[in-house]
$ cat input14.cif   # mmCIF, C-alpha atoms; chains and numbers go by the auth columns
data_model
#
loop_
_atom_site.group_PDB
_atom_site.id
_atom_site.type_symbol
_atom_site.label_atom_id
_atom_site.label_comp_id
_atom_site.label_asym_id
_atom_site.label_seq_id
_atom_site.Cartn_x
_atom_site.Cartn_y
_atom_site.Cartn_z
_atom_site.B_iso_or_equiv
_atom_site.auth_seq_id
_atom_site.auth_asym_id
ATOM 1 C CA MET A 1 25.745 -61.308 -26.641 0.00 43 G
ATOM 2 C CA ALA A 2 25.636 -61.075 -30.444 0.00 44 G
ATOM 3 C CA LYS A 3 21.991 -62.173 -30.426 0.00 45 G
ATOM 4 C CA LYS A 4 21.065 -59.329 -28.075 0.00 46 G
ATOM 5 C CA LYS A 5 22.905 -56.854 -30.277 0.00 47 G
ATOM 6 C CA ASP A 6 21.150 -58.154 -33.414 0.00 48 G
ATOM 7 C CA ALA A 7 17.777 -58.120 -31.671 0.00 49 G
ATOM 8 C CA LYS A 8 18.345 -54.543 -30.533 0.00 50 G
ATOM 9 C CA LYS A 9 19.348 -53.499 -34.054 0.00 51 G
ATOM 10 C CA ILE A 10 16.273 -55.182 -35.514 0.00 52 G
ATOM 11 C CA GLU A 11 14.060 -53.470 -32.939 0.00 53 G
ATOM 12 C CA GLU A 12 15.589 -50.052 -33.726 0.00 54 G
ATOM 13 C CA THR A 13 15.079 -50.630 -37.459 0.00 55 G
ATOM 14 C CA ARG A 14 11.470 -51.637 -36.841 0.00 56 G
ATOM 15 C CA LYS A 15 10.828 -48.517 -34.758 0.00 57 G
ATOM 16 C CA LYS A 16 12.410 -46.298 -37.424 0.00 58 G
ATOM 17 C CA GLN A 17 10.302 -47.899 -40.163 0.00 59 G
ATOM 18 C CA SER A 18 7.161 -47.533 -38.048 0.00 60 G
ATOM 19 C CA LYS A 19 7.839 -43.828 -37.541 0.00 61 G
ATOM 20 C CA GLU A 20 8.519 -43.321 -41.268 0.00 62 G
ATOM 21 C CA THR A 21 5.332 -45.187 -42.158 0.00 63 G
ATOM 22 C CA MET A 22 3.275 -43.147 -39.703 0.00 64 G
ATOM 23 C CA SER A 23 4.721 -39.927 -41.106 0.00 65 G
ATOM 24 C CA PHE A 24 3.999 -41.156 -44.631 0.00 66 G
ATOM 25 C CA ASN A 25 0.417 -42.078 -43.683 0.00 67 G
ATOM 26 C CA ARG A 26 -0.169 -38.562 -42.394 0.00 68 G
ATOM 27 C CA PHE A 27 -0.561 -37.597 -46.061 0.00 69 G
ATOM 28 C CA LEU A 28 -2.574 -40.630 -47.155 0.00 70 G
ATOM 29 C CA LEU A 29 -5.779 -38.710 -47.827 0.00 71 G
ATOM 30 C CA PHE A 30 -3.877 -36.303 -50.096 0.00 72 G
ATOM 31 C CA ARG A 31 -2.697 -39.212 -52.232 0.00 73 G
ATOM 32 C CA TYR A 32 -6.188 -40.669 -52.524 0.00 74 G
ATOM 33 C CA ILE A 33 -7.830 -37.363 -53.406 0.00 75 G
ATOM 34 C CA ALA A 34 -5.093 -36.498 -55.920 0.00 76 G
ATOM 35 C CA ALA A 35 -5.626 -39.932 -57.509 0.00 77 G
ATOM 36 C CA LEU A 36 -9.387 -39.318 -57.604 0.00 78 G
ATOM 37 C CA PHE A 37 -8.910 -36.014 -59.416 0.00 79 G
ATOM 38 C CA PHE A 38 -6.321 -37.609 -61.709 0.00 80 G
ATOM 39 C CA PHE A 39 -8.761 -40.286 -62.879 0.00 81 G
ATOM 40 C CA VAL A 40 -11.706 -37.905 -63.174 0.00 82 G
ATOM 41 C CA ASN A 41 -9.604 -35.545 -65.301 0.00 83 G
ATOM 42 C CA LEU A 42 -8.222 -38.476 -67.319 0.00 84 G
ATOM 43 C CA TYR A 43 -11.732 -39.735 -68.067 0.00 85 G
ATOM 44 C CA TRP A 44 -12.848 -36.211 -69.012 0.00 86 G
ATOM 45 C CA PHE A 45 -9.768 -35.833 -71.253 0.00 87 G
ATOM 46 C CA ILE A 46 -10.459 -39.137 -73.026 0.00 88 G
ATOM 47 C CA LEU A 47 -14.083 -38.169 -73.668 0.00 89 G
ATOM 48 C CA LEU A 48 -13.038 -34.809 -75.095 0.00 90 G
ATOM 49 C CA LEU A 49 -10.236 -36.427 -77.100 0.00 91 G
ATOM 50 C CA GLN A 50 -12.720 -38.727 -78.807 0.00 92 G
ATOM 51 C CA GLY A 51 -14.748 -35.689 -79.825 0.00 93 G
ATOM 52 C CA ARG A 52 -11.597 -33.868 -80.960 0.00 94 G
ATOM 53 C CA ARG A 53 -12.468 -30.819 -78.875 0.00 95 G
ATOM 54 C CA TRP A 54 -9.964 -28.034 -78.255 0.00 96 G
ATOM 55 C CA THR A 55 -11.248 -27.927 -74.683 0.00 97 G
ATOM 56 C CA MET A 56 -9.332 -31.173 -74.042 0.00 98 G
ATOM 57 C CA ILE A 57 -6.375 -28.912 -73.194 0.00 99 G
ATOM 58 C CA LEU A 58 -7.895 -28.106 -69.791 0.00 100 G
ATOM 59 C CA PRO A 59 -8.064 -31.658 -68.416 0.00 101 G
ATOM 60 C CA LEU A 60 -4.678 -32.369 -69.988 0.00 102 G
ATOM 61 C CA LEU A 61 -3.169 -29.435 -68.098 0.00 103 G
ATOM 62 C CA LEU A 62 -4.750 -30.700 -64.876 0.00 104 G
ATOM 63 C CA LEU A 63 -3.265 -34.151 -65.537 0.00 105 G
ATOM 64 C CA VAL A 64 0.183 -32.625 -65.968 0.00 106 G
ATOM 65 C CA ALA A 65 -0.303 -30.432 -62.888 0.00 107 G
ATOM 66 C CA VAL A 66 -0.919 -33.442 -60.650 0.00 108 G
ATOM 67 C CA LEU A 67 2.416 -35.080 -61.545 0.00 109 G
ATOM 68 C CA PRO A 68 4.494 -32.945 -59.131 0.00 110 G
ATOM 69 C CA VAL A 69 1.987 -33.863 -56.414 0.00 111 G
ATOM 70 C CA VAL A 70 2.594 -37.546 -57.092 0.00 112 G
ATOM 71 C CA TRP A 71 6.355 -36.976 -56.901 0.00 113 G
ATOM 72 C CA GLU A 72 5.993 -34.929 -53.716 0.00 114 G
ATOM 73 C CA HIS A 73 4.107 -37.724 -51.994 0.00 115 G
ATOM 74 C CA PHE A 74 6.460 -40.384 -53.314 0.00 116 G
ATOM 75 C CA LYS A 75 9.322 -38.549 -51.561 0.00 117 G
ATOM 76 C CA LYS A 76 7.345 -38.358 -48.318 0.00 118 G
ATOM 77 C CA LEU A 77 8.332 -41.912 -47.364 0.00 119 G
ATOM 78 C CA HIS A 78 11.793 -40.673 -46.426 0.00 120 G
ATOM 79 C CA ASP A 79 11.029 -36.999 -45.854 0.00 121 G
ATOM 80 C CA SER A 80 9.224 -36.341 -42.599 0.00 122 G
ATOM 81 C CA SER A 81 8.683 -32.617 -43.171 0.00 123 G
ATOM 82 C CA ASN A 82 5.167 -31.276 -42.996 0.00 124 G
ATOM 83 C CA LYS A 83 5.481 -29.096 -46.099 0.00 125 G
ATOM 84 C CA ILE A 84 3.477 -30.011 -49.216 0.00 126 G
ATOM 85 C CA PRO A 85 3.661 -26.990 -51.529 0.00 127 G
ATOM 86 C CA PHE A 86 2.833 -28.861 -54.755 0.00 128 G
ATOM 87 C CA SER A 87 -0.272 -30.414 -53.217 0.00 129 G
ATOM 88 C CA LYS A 88 -1.483 -27.059 -51.968 0.00 130 G
ATOM 89 C CA ALA A 89 -0.895 -25.421 -55.350 0.00 131 G
ATOM 90 C CA TYR A 90 -2.619 -28.269 -57.173 0.00 132 G
ATOM 91 C CA PHE A 91 -5.739 -28.197 -55.000 0.00 133 G
ATOM 92 C CA TRP A 92 -5.981 -24.402 -55.427 0.00 134 G
ATOM 93 C CA LEU A 93 -5.649 -24.857 -59.192 0.00 135 G
ATOM 94 C CA GLN A 94 -8.313 -27.573 -59.225 0.00 136 G
ATOM 95 C CA LEU A 95 -10.583 -25.366 -57.119 0.00 137 G
ATOM 96 C CA VAL A 96 -10.202 -22.401 -59.487 0.00 138 G
ATOM 97 C CA VAL A 97 -10.899 -24.637 -62.505 0.00 139 G
ATOM 98 C CA ASN A 98 -13.975 -26.114 -60.811 0.00 140 G
ATOM 99 C CA VAL A 99 -15.354 -22.663 -60.015 0.00 141 G
ATOM 100 C CA LEU A 100 -14.725 -21.472 -63.570 0.00 142 G
ATOM 101 C CA LEU A 101 -16.425 -24.590 -64.907 0.00 143 G
ATOM 102 C CA LEU A 102 -19.417 -23.880 -62.655 0.00 144 G
ATOM 103 C CA ILE A 103 -19.684 -20.512 -64.358 0.00 145 G
ATOM 104 C CA VAL A 104 -19.314 -22.189 -67.783 0.00 146 G
ATOM 105 C CA CYS A 105 -22.229 -24.466 -66.878 0.00 147 G
ATOM 106 C CA LEU A 106 -24.445 -21.391 -66.830 0.00 148 G
ATOM 107 C CA THR A 107 -23.473 -20.415 -70.368 0.00 149 G
ATOM 108 C CA PRO A 108 -23.910 -21.973 -73.817 0.00 150 G
ATOM 109 C CA TRP A 109 -20.221 -23.027 -73.606 0.00 151 G
ATOM 110 C CA PHE A 110 -21.337 -25.962 -71.470 0.00 152 G
ATOM 111 C CA THR A 111 -21.553 -28.160 -74.577 0.00 153 G
ATOM 112 C CA LYS A 112 -17.968 -27.280 -75.568 0.00 154 G
ATOM 113 C CA PHE A 113 -16.588 -28.589 -72.269 0.00 155 G
ATOM 114 C CA TYR A 114 -19.103 -31.415 -71.808 0.00 156 G
ATOM 115 C CA PRO A 115 -20.270 -32.468 -75.304 0.00 157 G
ATOM 116 C CA PHE A 116 -21.041 -35.937 -73.986 0.00 158 G
ATOM 117 C CA MET A 117 -23.697 -34.619 -71.568 0.00 159 G
ATOM 118 C CA SER A 118 -27.217 -33.596 -72.387 0.00 160 G
ATOM 119 C CA ALA A 119 -28.945 -30.582 -70.876 0.00 161 G
ATOM 120 C CA LYS A 120 -30.366 -32.932 -68.227 0.00 162 G
ATOM 121 C CA GLY A 121 -26.816 -33.960 -67.294 0.00 163 G
ATOM 122 C CA LYS A 122 -25.940 -30.371 -66.449 0.00 164 G
ATOM 123 C CA THR A 123 -27.281 -30.863 -62.922 0.00 165 G
ATOM 124 C CA LEU A 124 -24.978 -33.847 -62.427 0.00 166 G
ATOM 125 C CA ILE A 125 -21.954 -31.890 -63.664 0.00 167 G
ATOM 126 C CA ILE A 126 -22.802 -28.921 -61.428 0.00 168 G
ATOM 127 C CA THR A 127 -23.192 -31.242 -58.442 0.00 169 G
ATOM 128 C CA LEU A 128 -19.858 -32.941 -59.155 0.00 170 G
ATOM 129 C CA LEU A 129 -18.109 -29.588 -59.575 0.00 171 G
ATOM 130 C CA ILE A 130 -19.508 -28.336 -56.275 0.00 172 G
ATOM 131 C CA LEU A 131 -18.436 -31.546 -54.517 0.00 173 G
ATOM 132 C CA GLY A 132 -15.001 -31.298 -56.109 0.00 174 G
ATOM 133 C CA SER A 133 -14.687 -27.685 -54.982 0.00 175 G
ATOM 134 C CA MET A 134 -15.666 -28.593 -51.438 0.00 176 G
ATOM 135 C CA LEU A 135 -13.124 -31.413 -51.493 0.00 177 G
ATOM 136 C CA CYS A 136 -10.398 -29.005 -52.649 0.00 178 G
ATOM 137 C CA LEU A 137 -11.257 -26.592 -49.845 0.00 179 G
ATOM 138 C CA TYR A 138 -11.166 -29.426 -47.329 0.00 180 G
ATOM 139 C CA MET A 139 -7.759 -30.564 -48.604 0.00 181 G
ATOM 140 C CA GLU A 140 -6.436 -26.999 -48.336 0.00 182 G
ATOM 141 C CA ARG A 141 -7.677 -26.876 -44.757 0.00 183 G
ATOM 142 C CA ARG A 142 -5.992 -30.200 -43.985 0.00 184 G
ATOM 143 C CA ALA A 143 -2.730 -29.029 -45.568 0.00 185 G
ATOM 144 C CA ASN A 144 -2.835 -25.898 -43.431 0.00 186 G
ATOM 145 C CA GLN A 145 -3.446 -27.960 -40.286 0.00 187 G
ATOM 146 C CA ILE A 146 -0.556 -30.277 -41.104 0.00 188 G
ATOM 147 C CA GLU A 147 1.837 -27.449 -41.934 0.00 189 G
ATOM 148 C CA HIS A 148 1.014 -25.784 -38.613 0.00 190 G
ATOM 149 C CA ASP A 149 1.131 -29.103 -36.683 0.00 191 G
ATOM 150 C CA ARG A 150 -2.524 -28.936 -35.671 0.00 192 G
ATOM 151 C CA ASP A 151 -3.732 -32.198 -37.209 0.00 193 G
ATOM 152 C CA ARG A 152 -5.048 -35.131 -35.166 0.00 194 G
ATOM 153 C CA TYR A 153 -2.691 -37.616 -36.772 0.00 195 G
ATOM 154 C CA LEU A 154 0.326 -35.756 -35.366 0.00 196 G
ATOM 155 C CA ARG A 155 -0.987 -36.370 -31.845 0.00 197 G
ATOM 156 C CA THR A 156 -1.232 -40.078 -32.656 0.00 198 G
ATOM 157 C CA MET A 157 2.342 -40.028 -33.926 0.00 199 G
ATOM 158 C CA LYS A 158 3.547 -38.286 -30.770 0.00 200 G
ATOM 159 C CA GLU A 159 1.694 -40.782 -28.571 0.00 201 G
ATOM 160 C CA TYR A 160 3.336 -43.627 -30.480 0.00 202 G
ATOM 161 C CA ASN A 161 6.785 -42.026 -30.167 0.00 203 G
ATOM 162 C CA ASP A 162 6.247 -41.596 -26.427 0.00 204 G
ATOM 163 C CA ALA A 163 5.102 -45.202 -26.109 0.00 205 G
ATOM 164 C CA VAL A 164 8.131 -46.653 -27.908 0.00 206 G
ATOM 165 C CA GLY A 165 10.593 -44.236 -26.354 0.00 207 G
ATOM 166 C CA LYS A 166 11.589 -41.933 -29.209 0.00 208 G
#
$ encode --input "input14.cif" --output "C-alpha coordinates"
Amino acid sequence: MAKKKDAKKIEETRKKQSKETMSFNRFLLFRYIAALFFFVNLYWFILLLQGRRWTMILPLLLLVAVLPVVWEHFKKLHDSSNKIPFSKAYFWLQLVVNVLLLIVCLTPWFTKFYPFMSAKGKTLIITLLILGSMLCLYMERRANQIEHDRDRYLRTMKEYNDAVGK
(Lines of atoms letter the chains of each structure in order from A and count residues from 1; the text may use other names and numbers.)
(Lines give C-alpha, C1' and ligand atoms only; values in the text may rest on other atoms or scores of the structure.)
Protein backbone atom coordinates (compact mmCIF):
# COMPACT_ATOMS: atom_id res chain seq x y z
CA MET A 1 0.00 0.00 0.00
CA ALA A 2 2.81 2.41 0.92
CA LYS A 3 4.63 1.56 -2.31
CA LYS A 4 1.57 2.50 -4.37
CA LYS A 5 1.26 5.78 -2.49
CA ASP A 6 4.96 6.57 -3.02
CA ALA A 7 4.75 5.63 -6.69
CA LYS A 8 1.71 7.86 -7.14
CA LYS A 9 3.48 10.75 -5.40
CA ILE A 10 6.56 10.28 -7.57
CA GLU A 11 4.40 10.19 -10.70
CA GLU A 12 2.59 13.41 -9.68
CA THR A 13 5.93 15.12 -9.00
CA ARG A 14 7.23 13.99 -12.39
CA LYS A 15 4.13 15.32 -14.16
CA LYS A 16 4.40 18.65 -12.33
CA GLN A 17 8.09 18.98 -13.25
CA SER A 18 7.33 18.08 -16.87
CA LYS A 19 4.66 20.79 -17.06
CA GLU A 20 7.00 23.36 -15.47
CA THR A 21 9.78 22.41 -17.88
CA MET A 22 7.47 22.66 -20.88
CA SER A 23 6.27 26.07 -19.73
CA PHE A 24 9.88 27.14 -19.19
CA ASN A 25 10.88 25.89 -22.66
CA ARG A 26 8.15 28.00 -24.23
CA PHE A 27 10.54 30.93 -23.75
CA LEU A 28 13.73 29.13 -24.77
CA LEU A 29 14.26 31.12 -27.96
CA PHE A 30 14.01 34.37 -25.98
CA ARG A 31 16.85 33.24 -23.73
CA TYR A 32 19.06 32.28 -26.66
CA ILE A 33 18.45 35.50 -28.58
CA ALA A 34 18.97 37.63 -25.46
CA ALA A 35 22.26 35.78 -24.87
CA LEU A 36 23.26 36.38 -28.50
CA PHE A 37 22.65 40.11 -28.16
CA PHE A 38 24.41 40.12 -24.78
CA PHE A 39 27.60 38.66 -26.25
CA VAL A 40 27.50 40.81 -29.38
CA ASN A 41 27.11 43.94 -27.25
CA LEU A 42 29.80 42.72 -24.84
CA TYR A 43 32.25 42.18 -27.70
CA TRP A 44 31.40 45.60 -29.14
CA PHE A 45 31.86 47.18 -25.68
CA ILE A 46 35.27 45.54 -25.22
CA LEU A 47 36.44 46.75 -28.63
CA LEU A 48 35.32 50.30 -27.87
CA LEU A 49 36.80 50.12 -24.37
CA GLN A 50 40.21 49.28 -25.80
CA GLY A 51 39.99 52.36 -27.99
CA ARG A 52 38.78 54.46 -25.05
CA ARG A 53 35.80 55.73 -27.02
CA TRP A 54 32.95 57.60 -25.36
CA THR A 55 30.60 55.62 -27.59
CA MET A 56 31.26 52.59 -25.36
CA ILE A 57 28.37 53.89 -23.23
CA LEU A 58 25.84 52.58 -25.77
CA PRO A 59 26.81 48.89 -25.65
CA LEU A 60 27.27 49.19 -21.89
CA LEU A 61 23.69 50.45 -21.55
CA LEU A 62 22.47 47.56 -23.70
CA LEU A 63 24.38 45.12 -21.48
CA VAL A 64 22.71 46.57 -18.39
CA ALA A 65 19.31 46.56 -20.12
CA VAL A 66 19.48 42.82 -20.77
CA LEU A 67 19.94 41.97 -17.07
CA PRO A 68 16.22 42.27 -16.19
CA VAL A 69 15.50 39.97 -19.14
CA VAL A 70 17.85 37.36 -17.69
CA TRP A 71 16.13 37.67 -14.31
CA GLU A 72 12.69 37.47 -15.93
CA HIS A 73 13.56 34.22 -17.67
CA PHE A 74 15.24 32.80 -14.58
CA LYS A 75 11.93 33.24 -12.72
CA LYS A 76 10.02 31.52 -15.53
CA LEU A 77 10.92 28.07 -14.20
CA HIS A 78 8.36 28.48 -11.44
CA ASP A 79 6.15 31.14 -13.00
CA SER A 80 3.91 29.80 -15.74
CA SER A 81 2.47 33.16 -16.78
CA ASN A 82 2.78 34.19 -20.39
CA LYS A 83 3.83 37.77 -19.64
CA ILE A 84 7.39 38.87 -20.48
CA PRO A 85 7.42 42.67 -20.22
CA PHE A 86 11.19 43.05 -19.74
CA SER A 87 11.92 40.93 -22.81
CA LYS A 88 9.52 42.94 -24.93
CA ALA A 89 10.99 46.24 -23.73
CA TYR A 90 14.54 45.01 -24.31
CA PHE A 91 13.89 43.84 -27.87
CA TRP A 92 12.20 47.17 -28.69
CA LEU A 93 15.21 49.00 -27.23
CA GLN A 94 17.63 46.85 -29.23
CA LEU A 95 15.57 47.44 -32.37
CA VAL A 96 15.61 51.22 -31.90
CA VAL A 97 19.38 51.18 -31.29
CA ASN A 98 19.94 49.03 -34.38
CA VAL A 99 17.89 51.39 -36.55
CA LEU A 100 19.73 54.42 -35.18
CA LEU A 101 23.04 52.69 -35.83
CA LEU A 102 21.94 51.99 -39.41
CA ILE A 103 21.47 55.72 -39.81
CA VAL A 104 24.88 56.36 -38.19
CA CYS A 105 26.43 54.02 -40.76
CA LEU A 106 25.44 56.51 -43.44
CA THR A 107 27.27 59.36 -41.71
CA PRO A 108 30.91 60.11 -40.86
CA TRP A 109 30.09 59.08 -37.25
CA PHE A 110 30.46 55.47 -38.36
CA THR A 111 34.11 55.50 -37.28
CA LYS A 112 33.18 56.75 -33.79
CA PHE A 113 30.92 53.74 -33.17
CA TYR A 114 32.98 51.21 -35.14
CA PRO A 115 36.62 52.41 -35.06
CA PHE A 116 37.79 48.84 -35.51
CA MET A 117 36.12 48.53 -38.93
CA SER A 118 37.36 49.88 -42.21
CA ALA A 119 35.12 51.47 -44.82
CA LYS A 120 34.88 48.03 -46.47
CA GLY A 121 33.54 46.61 -43.19
CA LYS A 122 30.62 49.02 -43.28
CA THR A 123 28.66 46.58 -45.44
CA LEU A 124 29.15 43.84 -42.85
CA ILE A 125 28.00 46.11 -40.02
CA ILE A 126 24.94 47.22 -42.00
CA THR A 127 24.08 43.60 -42.77
CA LEU A 128 24.44 42.60 -39.11
CA LEU A 129 22.31 45.54 -37.97
CA ILE A 130 19.58 44.65 -40.45
CA LEU A 131 19.65 41.00 -39.34
CA GLY A 132 19.57 42.09 -35.70
CA SER A 133 16.61 44.36 -36.40
CA MET A 134 14.74 41.57 -38.14
CA LEU A 135 15.49 39.28 -35.21
CA CYS A 136 14.12 41.87 -32.77
CA LEU A 137 10.93 42.21 -34.81
CA TYR A 138 10.55 38.44 -34.90
CA MET A 139 11.01 38.21 -31.12
CA GLU A 140 8.39 40.93 -30.62
CA ARG A 141 6.01 38.96 -32.81
CA ARG A 142 6.69 35.79 -30.82
CA ALA A 143 6.15 37.62 -27.53
CA ASN A 144 2.83 38.92 -28.81
CA GLN A 145 1.78 35.42 -29.88
CA ILE A 146 2.71 33.97 -26.50
CA GLU A 147 0.97 36.72 -24.54
CA HIS A 148 -2.20 36.15 -26.56
CA ASP A 149 -1.88 32.33 -26.37
CA ARG A 150 -1.51 31.92 -30.13
CA ASP A 151 1.87 30.18 -30.22
CA ARG A 152 2.38 26.63 -31.49
CA TYR A 153 4.19 25.52 -28.35
CA LEU A 154 1.07 26.17 -26.26
CA ARG A 155 -0.83 23.63 -28.36
CA THR A 156 1.92 21.10 -27.68
CA MET A 157 1.66 21.83 -23.96
CA LYS A 158 -2.12 21.39 -24.04
CA GLU A 159 -1.79 18.10 -25.94
CA TYR A 160 0.69 16.89 -23.32
CA ASN A 161 -1.60 17.96 -20.46
CA ASP A 162 -4.50 16.13 -22.10
CA ALA A 163 -2.37 13.03 -22.59
CA VAL A 164 -1.21 12.87 -18.96
CA GLY A 165 -4.56 13.89 -17.53
CA LYS A 166 -4.00 17.41 -16.22
$ axis_aligned_box --input "input14.cif" --around "range 168-177 of chain G" --padding-each-side "3 Å" --output "lines of an AutoDock Vina configuration file"
center_x = -18.2
center_y = -30.3
center_z = -56.4
size_x = 16.1
size_y = 11.3
size_z = 16.0
$ residues_around --input "input14.cif" --residues "range 125-133 of chain G" --least-positions-apart "2" --cutoff "8 Å" --atoms "all atoms listed in the file" --output "list in words"
Phe72, Ala107, Val108, Pro110, Val111, Glu114, Ser123, Leu135, Gln136, Leu137, Cys178, Leu179, Met181, Glu182, Ala185, Ile188 and Glu189 of chain G
$ atom_distance --input "input14.cif" --atom1 "CA of Glu53 in chain G" --atom2 "CA of Lys118 in chain G"
22.6 Å
$ atom_distance --input "input14.cif" --atom1 "CA of Trp86 in chain G" --atom2 "CA of Leu177 in chain G"
18.2 Å
$ residues_around --input "input14.cif" --residues "Ile167 in chain G" --least-positions-apart "6" --cutoff "10 Å" --atoms "only C-alpha atoms" --output "VMD selection string"
chain G and resid 143 to 144 147 152 156 159 173
$ residues_around --input "input14.cif" --residues "Ile99 in chain G" --least-positions-apart "6" --cutoff "10 Å" --atoms "only C-alpha atoms" --output "PyMOL selection string"
chain G and resi 87+90-91+105
$ atom_distance --input "input14.cif" --atom1 "CA of Arg183 in chain G" --atom2 "CA of Val141 in chain G"
17.6 Å
$ residues_around --input "input14.cif" --residues "Val146 in chain G" --least-positions-apart "6" --cutoff "12 Å" --atoms "all atoms listed in the file" --output "ChimeraX atom specification"
/G:139-140,152-156,164,167-168,171
$ closest_residue --input "input14.cif" --among "G:Met176, G:Leu84, G:Val112, G:Ile145" --to "Leu100 in chain G" --atoms "all atoms listed in the file"
G:Leu84
$ resolve_selection --input "input14.cif" --expression "the PyMOL selection byres ((chain G and resi 80) around 10)" --output "PDB file with C-alpha atoms, keeping the file's coordinate frame"
ATOM      1  CA  TYR G  74      -6.188 -40.669 -52.524  1.00  0.00           C
ATOM      2  CA  ILE G  75      -7.830 -37.363 -53.406  1.00  0.00           C
ATOM      3  CA  ALA G  76      -5.093 -36.498 -55.920  1.00  0.00           C
ATOM      4  CA  ALA G  77      -5.626 -39.932 -57.509  1.00  0.00           C
ATOM      5  CA  LEU G  78      -9.387 -39.318 -57.604  1.00  0.00           C
ATOM      6  CA  PHE G  79      -8.910 -36.014 -59.416  1.00  0.00           C
ATOM      7  CA  PHE G  81      -8.761 -40.286 -62.879  1.00  0.00           C
ATOM      8  CA  VAL G  82     -11.706 -37.905 -63.174  1.00  0.00           C
ATOM      9  CA  ASN G  83      -9.604 -35.545 -65.301  1.00  0.00           C
ATOM     10  CA  LEU G  84      -8.222 -38.476 -67.319  1.00  0.00           C
ATOM     11  CA  TYR G  85     -11.732 -39.735 -68.067  1.00  0.00           C
ATOM     12  CA  TRP G  86     -12.848 -36.211 -69.012  1.00  0.00           C
ATOM     13  CA  PRO G 101      -8.064 -31.658 -68.416  1.00  0.00           C
ATOM     14  CA  LEU G 102      -4.678 -32.369 -69.988  1.00  0.00           C
ATOM     15  CA  LEU G 104      -4.750 -30.700 -64.876  1.00  0.00           C
ATOM     16  CA  LEU G 105      -3.265 -34.151 -65.537  1.00  0.00           C
ATOM     17  CA  VAL G 106       0.183 -32.625 -65.968  1.00  0.00           C
ATOM     18  CA  ALA G 107      -0.303 -30.432 -62.888  1.00  0.00           C
ATOM     19  CA  VAL G 108      -0.919 -33.442 -60.650  1.00  0.00           C
ATOM     20  CA  LEU G 109       2.416 -35.080 -61.545  1.00  0.00           C
TER      21      LEU G 109
END
$ closest_residue --input "input14.cif" --among "G:Ser175, G:Thr165, G:Asn124, G:Thr149" --to "Asp193 in chain G" --atoms "only C-alpha atoms"
G:Asn124
$ closest_residue --input "input14.cif" --among "G:Arg197, G:Gln187, G:Leu166, G:Pro157" --to "Thr97 in chain G" --atoms "all atoms listed in the file"
G:Pro157
$ build_atoms --input "input14.cif" --residues "range 103-122 of chain G" --atoms "N, CA and C atoms" --output "PDB file, in the coordinates of the input"
ATOM      1  N   LEU G 103      -3.981 -30.266 -68.986  1.00  0.00           N
ATOM      2  CA  LEU G 103      -3.169 -29.435 -68.098  1.00  0.00           C
ATOM      3  C   LEU G 103      -3.330 -29.857 -66.635  1.00  0.00           C
ATOM      4  N   LEU G 104      -4.530 -30.226 -66.246  1.00  0.00           N
ATOM      5  CA  LEU G 104      -4.750 -30.700 -64.876  1.00  0.00           C
ATOM      6  C   LEU G 104      -4.041 -32.038 -64.630  1.00  0.00           C
ATOM      7  N   LEU G 105      -3.992 -32.882 -65.657  1.00  0.00           N
ATOM      8  CA  LEU G 105      -3.265 -34.151 -65.537  1.00  0.00           C
ATOM      9  C   LEU G 105      -1.768 -33.902 -65.358  1.00  0.00           C
ATOM     10  N   VAL G 106      -1.246 -32.960 -66.088  1.00  0.00           N
ATOM     11  CA  VAL G 106       0.183 -32.625 -65.968  1.00  0.00           C
ATOM     12  C   VAL G 106       0.446 -31.965 -64.608  1.00  0.00           C
ATOM     13  N   ALA G 107      -0.475 -31.144 -64.160  1.00  0.00           N
ATOM     14  CA  ALA G 107      -0.303 -30.432 -62.888  1.00  0.00           C
ATOM     15  C   ALA G 107      -0.272 -31.365 -61.691  1.00  0.00           C
ATOM     16  N   VAL G 108      -0.891 -32.524 -61.793  1.00  0.00           N
ATOM     17  CA  VAL G 108      -0.919 -33.442 -60.650  1.00  0.00           C
ATOM     18  C   VAL G 108       0.386 -34.251 -60.539  1.00  0.00           C
ATOM     19  N   LEU G 109       1.178 -34.289 -61.579  1.00  0.00           N
ATOM     20  CA  LEU G 109       2.416 -35.080 -61.545  1.00  0.00           C
ATOM     21  C   LEU G 109       3.390 -34.631 -60.454  1.00  0.00           C
ATOM     22  N   PRO G 110       3.630 -33.333 -60.255  1.00  0.00           N
ATOM     23  CA  PRO G 110       4.494 -32.945 -59.131  1.00  0.00           C
ATOM     24  C   PRO G 110       3.932 -33.353 -57.767  1.00  0.00           C
ATOM     25  N   VAL G 111       2.622 -33.420 -57.659  1.00  0.00           N
ATOM     26  CA  VAL G 111       1.987 -33.863 -56.414  1.00  0.00           C
ATOM     27  C   VAL G 111       2.323 -35.329 -56.165  1.00  0.00           C
ATOM     28  N   VAL G 112       2.256 -36.126 -57.207  1.00  0.00           N
ATOM     29  CA  VAL G 112       2.594 -37.546 -57.092  1.00  0.00           C
ATOM     30  C   VAL G 112       4.047 -37.685 -56.644  1.00  0.00           C
ATOM     31  N   TRP G 113       4.942 -36.932 -57.263  1.00  0.00           N
ATOM     32  CA  TRP G 113       6.355 -36.976 -56.901  1.00  0.00           C
ATOM     33  C   TRP G 113       6.574 -36.513 -55.456  1.00  0.00           C
ATOM     34  N   GLU G 114       5.873 -35.456 -55.074  1.00  0.00           N
ATOM     35  CA  GLU G 114       5.993 -34.929 -53.716  1.00  0.00           C
ATOM     36  C   GLU G 114       5.621 -35.989 -52.681  1.00  0.00           C
ATOM     37  N   HIS G 115       4.559 -36.717 -52.952  1.00  0.00           N
ATOM     38  CA  HIS G 115       4.107 -37.724 -51.994  1.00  0.00           C
ATOM     39  C   HIS G 115       4.948 -38.993 -52.065  1.00  0.00           C
ATOM     40  N   PHE G 116       5.531 -39.261 -53.202  1.00  0.00           N
ATOM     41  CA  PHE G 116       6.460 -40.384 -53.314  1.00  0.00           C
ATOM     42  C   PHE G 116       7.674 -40.131 -52.420  1.00  0.00           C
ATOM     43  N   LYS G 117       8.158 -38.907 -52.383  1.00  0.00           N
ATOM     44  CA  LYS G 117       9.322 -38.549 -51.561  1.00  0.00           C
ATOM     45  C   LYS G 117       8.999 -38.539 -50.078  1.00  0.00           C
ATOM     46  N   LYS G 118       7.735 -38.455 -49.725  1.00  0.00           N
ATOM     47  CA  LYS G 118       7.345 -38.358 -48.318  1.00  0.00           C
ATOM     48  C   LYS G 118       7.697 -39.602 -47.498  1.00  0.00           C
ATOM     49  N   LEU G 119       7.980 -40.714 -48.129  1.00  0.00           N
ATOM     50  CA  LEU G 119       8.332 -41.912 -47.364  1.00  0.00           C
ATOM     51  C   LEU G 119       9.617 -41.693 -46.571  1.00  0.00           C
ATOM     52  N   HIS G 120      10.523 -40.905 -47.122  1.00  0.00           N
ATOM     53  CA  HIS G 120      11.793 -40.673 -46.426  1.00  0.00           C
ATOM     54  C   HIS G 120      11.983 -39.220 -46.009  1.00  0.00           C
ATOM     55  N   ASP G 121      10.973 -38.407 -46.230  1.00  0.00           N
ATOM     56  CA  ASP G 121      11.029 -36.999 -45.854  1.00  0.00           C
ATOM     57  C   ASP G 121       9.906 -36.746 -44.862  1.00  0.00           C
ATOM     58  N   SER G 122      10.255 -36.484 -43.628  1.00  0.00           N
ATOM     59  CA  SER G 122       9.224 -36.341 -42.599  1.00  0.00           C
ATOM     60  C   SER G 122       8.759 -34.899 -42.404  1.00  0.00           C
TER      61      SER G 122
END
